[in-house]
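Participant: Below is start.cif; it holds mmCIF, C-alpha atoms.
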```cif
data_input
#
loop_
_atom_site.label_atom_id
_atom_site.label_comp_id
_atom_site.auth_asym_id
_atom_site.auth_seq_id
_atom_site.Cartn_x
_atom_site.Cartn_y
_atom_site.Cartn_z
CA PRO A 84 -142.95 -48.82 -66.54
CA ASP A 85 -146.42 -49.22 -65.01
CA VAL A 86 -146.28 -45.78 -63.45
CA LEU A 87 -144.77 -44.20 -66.56
CA ILE A 88 -147.56 -45.64 -68.75
CA SER A 89 -150.22 -43.80 -66.76
CA ALA A 90 -147.98 -40.72 -66.48
CA ASN A 91 -147.61 -40.52 -70.25
CA SER A 92 -151.36 -40.98 -70.66
CA ARG A 93 -151.89 -38.05 -68.31
CA GLU A 94 -149.49 -35.90 -70.33
CA ALA A 95 -151.46 -36.69 -73.49
CA ILE A 96 -154.69 -35.61 -71.79
CA GLU A 97 -152.97 -32.39 -70.72
CA GLU A 98 -152.29 -31.60 -74.38
CA GLU A 99 -155.99 -32.11 -75.07
CA LEU A 100 -156.66 -29.48 -72.41
CA ARG A 101 -154.40 -27.07 -74.31
CA GLN A 102 -156.31 -27.91 -77.51
CA ALA A 103 -159.60 -27.04 -75.81
CA TYR A 104 -158.16 -23.83 -74.35
CA ALA A 105 -157.13 -22.73 -77.87
CA GLY A 106 -160.83 -22.24 -78.68
CA TYR A 107 -160.69 -18.89 -76.88
CA PHE A 108 -158.12 -17.53 -79.32
CA PRO A 109 -158.65 -16.31 -82.91
CA THR A 110 -157.79 -18.37 -85.96
CA LEU A 111 -155.74 -16.97 -88.82
CA ASP A 112 -155.73 -18.59 -92.28
CA LEU A 113 -153.65 -17.81 -95.35
CA ASN A 114 -154.63 -19.00 -98.81
CA ALA A 115 -152.86 -18.61 -102.13
CA GLY A 116 -153.25 -20.13 -105.58
CA TRP A 117 -152.02 -19.88 -109.17
CA GLY A 118 -153.14 -21.69 -112.29
CA ARG A 119 -154.89 -21.66 -115.66
CA GLU A 120 -158.61 -20.88 -115.72
CA LYS A 121 -161.11 -21.27 -118.55
CA SER A 122 -164.31 -19.28 -118.06
CA ASP A 123 -167.62 -19.22 -119.96
CA ASN A 124 -170.08 -16.93 -118.20
CA ALA A 125 -172.02 -13.75 -118.68
CA THR A 126 -168.91 -11.65 -118.28
CA THR A 127 -166.96 -13.40 -121.04
CA ARG A 128 -169.93 -13.55 -123.37
CA ALA A 129 -170.55 -9.79 -122.98
CA ALA A 130 -166.94 -8.90 -123.78
CA ARG A 131 -165.94 -7.57 -127.19
CA PRO A 132 -165.36 -10.21 -129.82
CA PRO A 133 -164.26 -12.82 -129.74
CA ALA A 134 -166.94 -13.44 -127.08
CA GLY A 135 -167.60 -16.74 -125.29
CA THR A 136 -164.96 -18.83 -123.60
CA ARG A 137 -161.89 -17.08 -122.22
CA SER A 138 -158.66 -18.64 -120.80
CA MET A 139 -156.40 -16.69 -118.46
CA TRP A 140 -153.77 -17.22 -115.77
CA ARG A 141 -155.53 -16.87 -112.41
CA THR A 142 -153.81 -15.83 -109.15
CA GLU A 143 -155.28 -15.77 -105.63
CA PHE A 144 -154.01 -14.50 -102.29
CA GLY A 145 -156.05 -13.98 -99.14
CA VAL A 146 -155.76 -13.65 -95.34
CA ASN A 147 -158.74 -14.37 -93.09
CA ALA A 148 -159.05 -14.04 -89.30
CA ARG A 149 -161.93 -15.28 -87.17
CA GLN A 150 -162.58 -14.65 -83.47
CA MET A 151 -165.30 -16.51 -81.64
CA LEU A 152 -167.48 -14.13 -79.64
CA PHE A 153 -170.19 -16.53 -78.48
CA ASP A 154 -170.64 -20.25 -79.11
CA GLY A 155 -173.19 -21.31 -76.52
CA PHE A 156 -170.42 -21.83 -73.93
CA ALA A 157 -169.06 -24.82 -75.85
CA VAL A 158 -165.40 -23.84 -75.42
CA LYS A 159 -165.89 -22.94 -71.76
CA ASN A 160 -167.44 -26.30 -70.95
CA ASP A 161 -164.88 -28.12 -73.09
CA VAL A 162 -162.06 -26.49 -71.13
CA GLU A 163 -163.65 -27.28 -67.78
CA GLY A 164 -164.27 -30.88 -68.83
CA ASN A 165 -160.67 -31.34 -69.95
CA MET A 166 -159.39 -29.75 -66.76
CA ALA A 167 -161.38 -32.34 -64.83
CA ARG A 168 -159.98 -35.06 -67.11
CA VAL A 169 -156.45 -33.92 -66.31
CA ARG A 170 -157.28 -33.98 -62.64
CA ALA A 171 -158.76 -37.49 -62.91
CA ALA A 172 -155.70 -38.67 -64.83
CA SER A 173 -153.45 -37.13 -62.17
CA TRP A 174 -155.29 -38.99 -59.45
CA ARG A 175 -154.91 -42.21 -61.43
CA VAL A 176 -151.16 -41.66 -61.68
CA ASN A 177 -151.24 -41.22 -57.91
CA ASN A 178 -153.24 -44.43 -57.58
CA ASP A 179 -150.85 -46.38 -59.82
CA ALA A 180 -147.90 -45.08 -57.82
CA GLN A 181 -149.58 -46.19 -54.57
CA GLU A 182 -150.28 -49.65 -55.99
CA ARG A 183 -146.75 -50.02 -57.35
CA ALA A 184 -145.36 -48.97 -53.98
CA LEU A 185 -147.40 -51.68 -52.26
CA ASN A 186 -146.20 -54.22 -54.83
CA VAL A 187 -142.60 -53.21 -54.14
CA ILE A 188 -143.19 -53.54 -50.40
CA ASN A 189 -144.75 -56.97 -50.93
CA ALA A 190 -141.78 -58.08 -53.03
CA PHE A 191 -139.40 -56.61 -50.45
CA LEU A 192 -141.05 -58.49 -47.57
CA ASP A 193 -141.15 -61.70 -49.61
CA VAL A 194 -137.36 -61.64 -50.01
CA VAL A 195 -136.69 -60.71 -46.38
CA PHE A 196 -138.99 -63.31 -44.84
CA GLU A 197 -138.20 -66.04 -47.38
CA LYS A 198 -134.59 -65.76 -46.24
CA GLU A 199 -135.83 -66.33 -42.70
CA LEU A 200 -137.87 -69.34 -43.84
CA VAL A 201 -134.82 -70.74 -45.61
CA ALA A 202 -132.89 -70.38 -42.33
CA HIS A 203 -135.65 -72.26 -40.49
CA ALA A 204 -135.61 -75.02 -43.12
CA ARG A 205 -131.82 -75.28 -42.85
CA GLU A 206 -132.05 -75.52 -39.04
CA ASN A 207 -134.67 -78.22 -39.42
CA LEU A 208 -132.42 -80.11 -41.81
CA ASN A 209 -129.50 -79.84 -39.39
CA ASP A 210 -131.67 -81.23 -36.58
CA HIS A 211 -132.70 -84.18 -38.72
CA GLN A 212 -129.12 -84.77 -39.79
CA THR A 213 -128.08 -84.88 -36.13
CA VAL A 214 -130.82 -87.37 -35.28
CA TYR A 215 -130.01 -89.48 -38.31
CA GLY A 216 -126.35 -89.53 -37.30
CA GLN A 217 -127.27 -90.74 -33.83
CA ILE A 218 -129.54 -93.48 -35.17
CA SER A 219 -126.95 -94.49 -37.75
CA LYS A 220 -124.26 -94.91 -35.08
CA ARG A 221 -126.65 -96.98 -32.96
CA SER A 222 -127.43 -99.22 -35.92
CA GLU A 223 -123.74 -99.65 -36.68
CA GLY A 224 -123.17 -100.59 -33.02
CA GLY A 225 -125.93 -103.17 -33.16
CA VAL A 226 -128.20 -101.46 -30.61
CA GLY A 227 -130.50 -99.68 -33.08
CA ARG A 228 -133.42 -101.00 -35.07
CA LYS A 229 -133.59 -101.00 -38.85
CA ALA A 230 -137.07 -99.41 -38.72
CA ASP A 231 -135.71 -96.44 -36.74
CA LEU A 232 -132.97 -95.92 -39.28
CA ASP A 233 -135.49 -96.02 -42.14
CA GLN A 234 -137.76 -93.60 -40.29
CA ALA A 235 -134.89 -91.16 -39.66
CA GLU A 236 -133.72 -91.47 -43.26
CA GLY A 237 -137.21 -90.72 -44.61
CA ARG A 238 -137.64 -87.69 -42.34
CA LEU A 239 -134.18 -86.43 -43.35
CA ALA A 240 -135.12 -86.69 -47.04
CA PHE A 241 -138.33 -84.77 -46.38
CA ALA A 242 -136.36 -82.06 -44.53
CA ARG A 243 -134.12 -81.74 -47.59
CA THR A 244 -137.15 -81.25 -49.84
CA ASN A 245 -138.44 -78.55 -47.48
CA LEU A 246 -135.14 -76.70 -47.76
CA LEU A 247 -135.13 -77.03 -51.55
CA ALA A 248 -138.72 -75.75 -51.73
CA GLU A 249 -137.92 -72.70 -49.57
CA GLN A 250 -134.80 -71.96 -51.62
CA ALA A 251 -136.93 -72.09 -54.77
CA ASN A 252 -139.45 -69.73 -53.14
CA LEU A 253 -136.59 -67.37 -52.30
CA ARG A 254 -135.39 -67.36 -55.90
CA ASP A 255 -138.95 -66.66 -57.06
CA ALA A 256 -139.22 -63.80 -54.54
CA GLU A 257 -135.94 -62.32 -55.78
CA THR A 258 -137.19 -62.55 -59.37
CA HIS A 259 -140.44 -60.83 -58.40
CA TYR A 260 -138.42 -58.13 -56.63
CA LEU A 261 -136.35 -57.61 -59.77
CA ARG A 262 -139.58 -57.26 -61.78
CA GLN A 263 -140.96 -54.61 -59.41
CA VAL A 264 -137.79 -52.63 -58.63
CA GLY A 265 -135.60 -53.19 -61.67
CA LEU A 266 -132.60 -54.07 -59.49
CA PRO A 267 -131.65 -57.31 -57.69
CA PRO A 268 -132.20 -57.38 -53.90
CA ILE A 269 -128.98 -56.63 -52.03
CA GLU A 270 -128.58 -56.29 -48.24
CA LEU A 271 -132.27 -55.92 -47.43
CA THR A 272 -133.25 -55.44 -43.80
CA LYS A 273 -136.59 -55.79 -42.07
CA PRO A 274 -138.56 -52.52 -42.00
CA ASP A 275 -140.18 -51.15 -38.88
CA ASN A 276 -143.92 -51.26 -38.36
CA PRO A 277 -145.63 -48.10 -39.70
CA VAL A 278 -146.62 -45.87 -36.80
CA THR A 279 -146.75 -42.29 -38.09
CA GLY A 280 -150.02 -41.52 -39.82
CA PHE A 281 -151.48 -44.97 -39.13
CA PRO A 282 -155.22 -44.81 -38.30
CA GLU A 283 -156.15 -45.87 -34.81
CA THR A 284 -159.56 -47.40 -35.59
CA LEU A 285 -161.37 -48.96 -38.51
CA ARG A 286 -163.81 -46.05 -38.57
CA SER A 287 -161.00 -43.51 -38.90
CA ALA A 288 -159.33 -45.68 -41.55
CA ILE A 289 -162.52 -45.76 -43.64
CA ALA A 290 -163.00 -41.99 -43.33
CA LEU A 291 -159.35 -41.46 -44.29
CA GLY A 292 -159.70 -43.74 -47.29
CA VAL A 293 -162.86 -42.06 -48.57
CA ASN A 294 -161.30 -38.62 -48.25
CA ASN A 295 -157.90 -39.46 -49.72
CA HIS A 296 -157.97 -42.52 -51.95
CA PRO A 297 -156.90 -41.38 -55.42
CA GLU A 298 -159.12 -43.81 -57.35
CA LEU A 299 -162.24 -42.46 -55.65
CA ARG A 300 -161.18 -38.88 -56.24
CA ALA A 301 -160.54 -39.73 -59.89
CA ALA A 302 -164.07 -41.13 -60.12
CA VAL A 303 -165.42 -37.91 -58.58
CA SER A 304 -163.57 -35.92 -61.26
CA ASP A 305 -165.10 -38.19 -63.92
CA VAL A 306 -168.54 -37.00 -62.81
CA VAL A 307 -167.38 -33.42 -63.39
CA VAL A 308 -166.19 -34.44 -66.87
CA ALA A 309 -169.58 -35.93 -67.68
CA ARG A 310 -171.43 -32.84 -66.46
CA ALA A 311 -169.22 -30.57 -68.55
CA ALA A 312 -169.87 -32.74 -71.61
CA ASN A 313 -173.60 -32.46 -70.99
CA ARG A 314 -173.40 -28.67 -70.84
CA ALA A 315 -171.25 -28.58 -73.97
CA ALA A 316 -173.83 -30.72 -75.80
CA LYS A 317 -176.38 -27.94 -75.30
CA ALA A 318 -174.24 -25.39 -77.19
CA PRO A 319 -175.85 -26.08 -80.62
CA PHE A 320 -179.16 -24.78 -79.26
CA TYR A 321 -177.61 -21.30 -79.13
CA PRO A 322 -176.52 -19.14 -82.08
CA ARG A 323 -172.83 -18.75 -82.80
CA LEU A 324 -171.39 -15.29 -83.27
CA ASP A 325 -167.97 -14.69 -84.84
CA LEU A 326 -165.98 -11.62 -85.81
CA GLU A 327 -164.38 -12.18 -89.22
CA LEU A 328 -161.73 -10.06 -90.92
CA GLY A 329 -160.56 -10.74 -94.46
CA LEU A 330 -158.25 -9.38 -97.13
CA ASP A 331 -158.13 -10.79 -100.69
CA ARG A 332 -155.76 -9.89 -103.52
CA ASN A 333 -156.81 -11.78 -106.66
CA HIS A 334 -156.13 -11.43 -110.41
CA ASN A 335 -158.04 -12.67 -113.47
CA ILE A 336 -161.00 -14.12 -111.58
CA ASP A 337 -163.91 -15.77 -113.42
CA GLY A 338 -162.96 -14.36 -116.82
CA THR A 339 -162.53 -10.76 -115.63
CA GLN A 340 -159.15 -9.39 -116.51
CA GLY A 341 -157.22 -7.39 -113.93
CA ALA A 342 -157.27 -7.07 -110.16
CA ASN A 343 -160.14 -8.34 -108.06
CA ASP A 344 -159.45 -7.14 -104.51
CA ASP A 345 -161.61 -6.80 -101.45
CA ALA A 346 -161.36 -6.39 -97.68
CA PHE A 347 -164.08 -6.96 -95.10
CA ALA A 348 -164.86 -6.87 -91.38
CA MET A 349 -168.04 -8.79 -90.55
CA LEU A 350 -170.07 -9.99 -87.61
CA ARG A 351 -171.41 -13.37 -88.68
CA LEU A 352 -174.27 -15.12 -86.91
CA ARG A 353 -174.87 -18.80 -87.53
CA TRP A 354 -177.72 -20.74 -85.97
CA ASN A 355 -178.69 -24.27 -86.87
CA LEU A 356 -182.49 -24.59 -86.86
CA PHE A 357 -182.91 -28.30 -87.56
CA LYS A 358 -180.53 -31.27 -87.50
CA GLY A 359 -182.84 -34.25 -87.43
CA GLY A 360 -182.94 -34.43 -83.63
CA ALA A 361 -179.21 -35.24 -83.35
CA ASP A 362 -178.50 -32.46 -80.86
CA VAL A 363 -181.39 -33.50 -78.60
CA ALA A 364 -180.15 -37.08 -78.66
CA LYS A 365 -176.62 -35.89 -77.81
CA VAL A 366 -177.92 -34.06 -74.75
CA LYS A 367 -179.78 -37.17 -73.59
CA GLN A 368 -176.73 -39.33 -74.25
CA THR A 369 -174.50 -37.13 -72.11
CA ALA A 370 -177.17 -37.06 -69.40
CA TRP A 371 -177.00 -40.85 -69.21
CA LYS A 372 -173.20 -40.58 -69.15
CA ILE A 373 -173.56 -38.46 -66.01
CA GLU A 374 -175.58 -41.19 -64.34
CA GLU A 375 -173.03 -43.78 -65.45
CA ALA A 376 -170.18 -41.72 -63.99
CA LYS A 377 -172.09 -41.33 -60.72
CA GLU A 378 -172.53 -45.08 -60.39
CA VAL A 379 -168.86 -45.67 -61.21
CA ARG A 380 -168.05 -43.21 -58.44
CA ASN A 381 -170.42 -45.01 -56.06
CA ARG A 382 -168.81 -48.32 -56.97
CA ALA A 383 -165.37 -46.84 -56.33
CA HIS A 384 -166.57 -45.67 -52.94
CA ARG A 385 -167.72 -49.17 -52.03
CA GLN A 386 -164.49 -50.68 -53.33
CA VAL A 387 -162.41 -48.27 -51.26
CA GLU A 388 -164.36 -49.10 -48.12
CA GLU A 389 -164.11 -52.81 -48.92
CA SER A 390 -160.34 -52.55 -49.43
CA VAL A 391 -159.90 -50.72 -46.13
CA ARG A 392 -162.01 -53.26 -44.26
CA LEU A 393 -160.21 -56.25 -45.79
CA ALA A 394 -156.77 -54.77 -45.14
CA TRP A 395 -157.76 -53.86 -41.60
CA SER A 396 -159.14 -57.37 -40.97
CA THR A 397 -155.93 -58.96 -42.24
CA TYR A 398 -153.84 -56.66 -40.07
CA VAL A 399 -155.77 -57.07 -36.79
CA THR A 400 -156.13 -60.84 -37.28
CA ALA A 401 -152.40 -61.30 -37.81
CA GLN A 402 -151.64 -58.96 -34.94
CA ALA A 403 -153.87 -61.00 -32.62
CA GLN A 404 -152.35 -64.30 -33.78
CA ILE A 405 -148.69 -63.35 -33.37
CA PRO A 406 -148.55 -63.79 -29.55
CA TYR A 407 -150.08 -67.26 -29.84
CA PHE A 408 -147.76 -68.24 -32.67
CA ARG A 409 -144.83 -67.03 -30.56
CA THR A 410 -146.07 -69.06 -27.58
CA HIS A 411 -146.49 -72.12 -29.78
CA MET A 412 -142.99 -71.70 -31.19
CA ASN A 413 -141.36 -71.29 -27.77
CA ALA A 414 -143.30 -74.22 -26.34
CA SER A 415 -142.36 -76.37 -29.33
CA ALA A 416 -138.69 -75.46 -28.86
CA ARG A 417 -138.80 -76.46 -25.19
CA THR A 418 -140.63 -79.67 -26.10
CA ARG A 419 -138.05 -80.47 -28.75
CA ASP A 420 -135.18 -79.99 -26.29
CA ALA A 421 -136.91 -82.06 -23.60
CA TYR A 422 -137.75 -84.87 -26.04
CA GLY A 423 -134.11 -84.91 -27.20
CA LYS A 424 -132.88 -85.45 -23.65
CA GLN A 425 -135.57 -88.04 -22.92
CA PHE A 426 -134.80 -89.86 -26.17
CA ASN A 427 -131.16 -90.18 -25.14
CA ILE A 428 -132.15 -91.96 -21.92
CA GLY A 429 -134.82 -94.09 -23.58
CA GLN A 430 -137.94 -92.32 -22.28
CA ARG A 431 -139.09 -91.14 -25.74
CA THR A 432 -139.34 -92.92 -29.03
CA LEU A 433 -137.66 -91.80 -32.21
CA LEU A 434 -141.09 -90.95 -33.65
CA ASP A 435 -141.75 -88.59 -30.74
CA LEU A 436 -138.44 -86.87 -31.30
CA LEU A 437 -138.94 -86.49 -35.06
CA ASP A 438 -142.53 -85.27 -34.63
CA SER A 439 -141.38 -82.65 -32.14
CA SER A 440 -138.72 -81.43 -34.59
CA ASN A 441 -141.30 -81.12 -37.38
CA GLU A 442 -143.72 -79.31 -35.08
CA LEU A 443 -140.98 -76.84 -34.13
CA TYR A 444 -140.22 -76.21 -37.80
CA GLN A 445 -143.91 -75.66 -38.58
CA ALA A 446 -144.27 -73.37 -35.56
CA LYS A 447 -141.30 -71.25 -36.68
CA THR A 448 -142.71 -71.08 -40.20
CA ALA A 449 -146.17 -70.06 -38.96
CA TYR A 450 -144.68 -67.38 -36.68
CA THR A 451 -142.58 -65.93 -39.51
CA ASN A 452 -145.56 -65.89 -41.90
CA ALA A 453 -147.71 -64.20 -39.25
CA LYS A 454 -145.09 -61.47 -38.74
CA ARG A 455 -144.92 -60.91 -42.49
CA LEU A 456 -148.71 -60.81 -42.80
CA GLU A 457 -149.06 -58.35 -39.91
CA LEU A 458 -146.42 -56.03 -41.35
CA LEU A 459 -147.83 -56.26 -44.88
CA GLY A 460 -151.31 -55.67 -43.43
CA ARG A 461 -150.19 -52.36 -41.99
CA PHE A 462 -148.85 -51.24 -45.36
CA ARG A 463 -152.03 -52.47 -47.06
CA VAL A 464 -154.10 -50.30 -44.74
CA LEU A 465 -151.97 -47.29 -45.64
CA GLU A 466 -152.35 -48.05 -49.36
CA ALA A 467 -156.11 -48.56 -49.03
CA THR A 468 -156.39 -45.13 -47.39
CA GLY A 469 -154.23 -43.49 -50.06
CA CYS A 470 -151.49 -42.51 -47.57
CA LEU A 471 -148.75 -45.04 -48.38
CA LEU A 472 -146.45 -42.72 -50.35
CA ASP A 473 -146.82 -40.00 -47.72
CA TYR A 474 -145.69 -42.44 -45.04
CA LEU A 475 -142.76 -43.66 -47.14
CA GLY A 476 -141.72 -40.08 -47.89
CA VAL A 477 -141.69 -40.83 -51.62
CA PRO A 478 -142.59 -37.75 -53.72
CA LEU A 479 -145.32 -38.18 -56.28
CA PRO A 480 -144.34 -38.03 -59.95
CA ARG A 481 -144.80 -34.74 -61.75
CA ALA A 482 -147.74 -36.23 -63.66
CA ALA A 483 -149.64 -36.48 -60.37
CA ARG A 484 -149.86 -32.67 -60.32
CA ILE A 485 -152.33 -30.55 -62.24
CA GLU A 486 -151.49 -27.78 -64.68
CA GLU A 487 -154.18 -25.18 -64.18
CA PRO A 488 -154.58 -22.84 -67.18
CA THR A 489 -154.25 -19.11 -66.75
CA MET A 490 -154.60 -16.34 -69.31
CA PHE A 491 -150.90 -16.27 -70.19
CA GLY A 492 -149.82 -19.84 -69.62
CA TYR A 493 -149.99 -22.69 -67.13
CA ARG A 494 -149.14 -22.76 -63.48
CA TYR A 495 -148.69 -25.89 -61.44
CA LYS A 496 -150.83 -26.70 -58.51
CA SER A 497 -150.60 -29.74 -56.24
CA VAL A 498 -153.25 -32.31 -56.95
CA HIS A 499 -153.85 -32.64 -53.20
CA ASP A 500 -155.07 -29.02 -53.06
CA TYR A 501 -157.01 -29.04 -56.31
CA ASP A 502 -160.71 -29.07 -55.45
CA GLN A 503 -162.09 -26.37 -57.75
CA PHE A 504 -164.95 -28.37 -59.23
CA HIS A 505 -165.98 -30.79 -56.52
CA ARG A 506 -165.66 -31.07 -52.78
CA THR A 507 -163.98 -34.37 -51.93
CA ASN A 508 -162.90 -33.65 -48.36
CA ASN A 509 -164.87 -33.82 -45.12
CA TYR A 510 -167.59 -36.24 -46.21
CA PRO A 511 -170.41 -36.29 -43.65
CA GLU A 512 -170.59 -39.53 -41.72
CA THR A 513 -173.94 -41.13 -40.92
CA ALA A 514 -174.88 -42.96 -37.76
CA ASN A 515 -174.34 -46.40 -39.34
CA ASN A 516 -170.70 -45.53 -40.15
CA ASN A 517 -171.35 -45.21 -43.87
CA VAL A 518 -169.90 -42.26 -45.73
CA VAL A 519 -172.16 -40.12 -47.91
CA ILE A 520 -170.77 -38.54 -51.06
CA ASP A 521 -172.25 -35.19 -52.05
CA ASP A 522 -173.13 -34.95 -55.75
CA GLY A 523 -171.89 -31.36 -55.77
CA LYS A 524 -174.83 -30.02 -57.75
#
```
Show me the file's structure as structure tokens.
Facilitator:
Amino acid sequence: PDVLISANSREAIEEELRQAYAGYFPTLDLNAGWGREKSDNATTRAARPPAGTRSMWRTEFGVNARQMLFDGFAVKNDVEGNMARVRAASWRVNNDAQERALNVINAFLDVVFEKELVAHARENLNDHQTVYGQISKRSEGGVGRKADLDQAEGRLAFARTNLLAEQANLRDAETHYLRQVGLPPIELTKPDNPVTGFPETLRSAIALGVNNHPELRAAVSDVVVARAANRAAKAPFYPRLDLELGLDRNHNIDGTQGANDDAFAMLRLRWNLFKGGADVAKVKQTAWKIEEAKEVRNRAHRQVEESVRLAWSTYVTAQAQIPYFRTHMNASARTRDAYGKQFNIGQRTLLDLLDSSNELYQAKTAYTNAKRLELLGRFRVLEATGCLLDYLGVPLPRAARIEEPTMFGYRYKSVHDYDQFHRTNNYPETANNNVVIDDGK
């Protein structure tokens, strides 16, 4: 639904483009009327007696056509502005699809790794049940201490709560998956780490994000929309020229009996000379809208770079931590096994054994979470650079394409290739690794 909401919004904007494009075509109006008319004018008063007021049945029929010849480029700029709006909306559909894809991946990984955490919690519970069984048998044989039995019983209860908590987290993850996908998770397997198309360095990731992220490209298109609106606001300063054709067939008009027909072909010039300064204010308003759109674009640029940096930091940090978490987990497993043997011969206390079991459980949990974070970090980097759907091989929705108007209809053109109004590829990089966006003036 989230993607379809933005897709439907884009389709509505596309219809506004068609409305703007209609300004190039002529308008044709038909009018007709019939009714009773009472007239008192010079014509009726000059008629033969009885002179004065006259009542007649009046009929009207007319056809009028008007073709705009020049309007100060208002229609042209309106069309260009709406084309840019369609392009911006298409990029936002792309952006929503990228975000939804990342949400699905997050929900997918939650289910997969929560199952692994549940398995760790169940193993931990089994270990504590084994220890509790040993201590219980010793107590029954009279060689164990009551304090050891209480300690083992308390740790066993805590292990049960850990399992219950992880099972609840798994149910929550499955519910979140159902919310994102619309289907319950069935037979999910761990995905491989993204390799194809993954940037090698942070610098290349930032450049890729600035060149490809759909939200930034939508903001660039918004600047084009604002500029087109500013040019359209200047149209009232020019005269408007229309070609008008008309044909009227009337009867009994204004007290004159009989037919009252006419036909005309006219060039009409209209030019507003004073409007209280409203047009000047409109031009200034749209000029400020341009500056606002530029700053929104600049903010989007910073946000894209921030997102790439944060995703990259999460990814490289988790990647660096995984070997140490793995070492900790393996060392904890060896310690747990050694403490179990030493406990059986009386060289370790029950507290040592239970603490080693808990440390092993925590080490397994930390290692699993680090693997999940590293894998999710890779997908977050791809989403922050606007390349996630390309990597997944998921085609963009139709609404993420642009319908470019032609003289006889509309032809589709991929939004990735649509750069008619503004250059958004190959941003020059400065020495301090910042990316400069050309205003495209």
Participant: Which residues come within 8 Å of region 466-474 of chain A, counting only C-alpha atoms, excluding same-chain residues fewer than 3 positions away, as a PyMOL selection string?
Facilitator: chain A and resi 178+180-182+184-185+277+279-280+288-289+291-293+295-297+387+390-391+394+462-463+477-479
Participant: When distances are computed from all atoms listed in the file, which of A:Arg417, A:Arg455, A:Lys377, A:Arg461 shows the smallest separation from Glu442 (chain A)?
Facilitator: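 The answer is A:Arg417, which sits nearest to Glu442 (chain A).
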Participant: CA of Tyr260 (chain A) and CA of Ala190 (chain A) are how many Å apart?
Facilitator: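 Taking CA of Tyr260 (chain A) as the start and CA of Ala190 (chain A) as the end point, the length is 4.9 Å.
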Participant: Go ahead and compute the interatomic distance for CA of Glu97 (chain A) and CA of Asp179 (chain A), in Å to one decimal.
Facilitator: 17.9 Å
Participant: Run through the PyMOL selection byres ((chain A and resi 236-247) around 12) on the given coordinates and return the selected residues as a PyMOL selection string.
Facilitator: chain A and resi 197-219+229-235+248-254+433-434+436-441+444-445+448
Participant: Write out as a PyMOL selection string the residues lying within 9 Å of Gly106 (chain A), counting all atoms listed in the file and excluding same-chain residues fewer than 5 positions away.
Facilitator: chain A and resi 151+158-159+162
Participant: Between A:Ala256, A:Leu299, A:Ala95, A:Leu458, which residue has the minimum interatomic distance to Ala376 (chain A), considering all atoms listed in the file?
Facilitator: A:Leu299
Participant: For a test of reading the model, state the distance in Å between CA of Ala483 (chain A) and CA of Ala290 (chain A), rounded to one decimal.
Facilitator: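 Atom-to-atom, CA of Ala483 (chain A) to CA of Ala290 (chain A), that is 22.3 Å.
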Participant: Running the PyMOL selection byres ((chain A and resi 90) around 9) on this model by hand, what would come out? Give it as a list in words.
Facilitator: Asp85, Val86, Leu87, Ile88, Ser89, Asn91, Ser92, Arg93, Glu94, Ala95, Ala172, Ser173, Arg175, Val176, Pro480, Arg481, Ala482 and Ala483 of chain A
Participant: Counting only C-alpha atoms, select every polymer residue within 12 Å of (-148.6, -71.5, -40.1) as defined in the file's coordinates, and provide the selection as a PyMOL selection string.
Facilitator: chain A and resi 200+401+404-405+407-409+411-412+442-456
Participant: Residues near Asp331 (chain A), anyone? I mean within 7 Å using all atoms listed in the file, not counting same-chain ones fewer than 2 positions away, as a list in words.
Facilitator: Phe144, Gly145, Val146, Gly329, Asn333, Asp344, Asp345 and Ala346 of chain A
Participant: Measuring atom to atom with all atoms listed in the file, identify which of A:Val194, A:Arg332, A:Asn313, A:Ala171 is nearest to Ala115 (chain A).
Facilitator: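 Closest to Ala115 (chain A) of all the choices is A:Arg332.
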Participant: The PyMOL selection byres ((chain A and resi 348-355) around 10) - which residues does that actually catch in the file I just gave you? List them as a PyMOL selection string.
Facilitator: chain A and resi 147-154+319-330+346-347+356-358
Participant: Could you save the residues just selected, with C-alpha atoms, as a tab-separated table (two decimals), in the frame of the given file?
Facilitator:
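Okay, again03.tsv is ready:
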```tsv
chain	number	residue	atom	x	y	z
A	147	ASN	CA	-158.74	-14.37	-93.09
A	148	ALA	CA	-159.05	-14.04	-89.30
A	149	ARG	CA	-161.93	-15.28	-87.17
A	150	GLN	CA	-162.58	-14.65	-83.47
A	151	MET	CA	-165.30	-16.51	-81.64
A	152	LEU	CA	-167.48	-14.13	-79.64
A	153	PHE	CA	-170.19	-16.53	-78.48
A	154	ASP	CA	-170.64	-20.25	-79.11
A	319	PRO	CA	-175.85	-26.08	-80.62
A	320	PHE	CA	-179.16	-24.78	-79.26
A	321	TYR	CA	-177.61	-21.30	-79.13
A	322	PRO	CA	-176.52	-19.14	-82.08
A	323	ARG	CA	-172.83	-18.75	-82.80
A	324	LEU	CA	-171.39	-15.29	-83.27
A	325	ASP	CA	-167.97	-14.69	-84.84
A	326	LEU	CA	-165.98	-11.62	-85.81
A	327	GLU	CA	-164.38	-12.18	-89.22
A	328	LEU	CA	-161.73	-10.06	-90.92
A	329	GLY	CA	-160.56	-10.74	-94.46
A	330	LEU	CA	-158.25	-9.38	-97.13
A	346	ALA	CA	-161.36	-6.39	-97.68
A	347	PHE	CA	-164.08	-6.96	-95.10
A	356	LEU	CA	-182.49	-24.59	-86.86
A	357	PHE	CA	-182.91	-28.30	-87.56
A	358	LYS	CA	-180.53	-31.27	-87.50
```
Participant: Hey, which of A:Asp337, A:Glu298, A:Glu270, A:Asp362 ends up closest to Val379 (chain A)? Count all atoms listed in the file.
Facilitator: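 Looking at the shortest contact to Val379 (chain A), the residue is A:Glu298.
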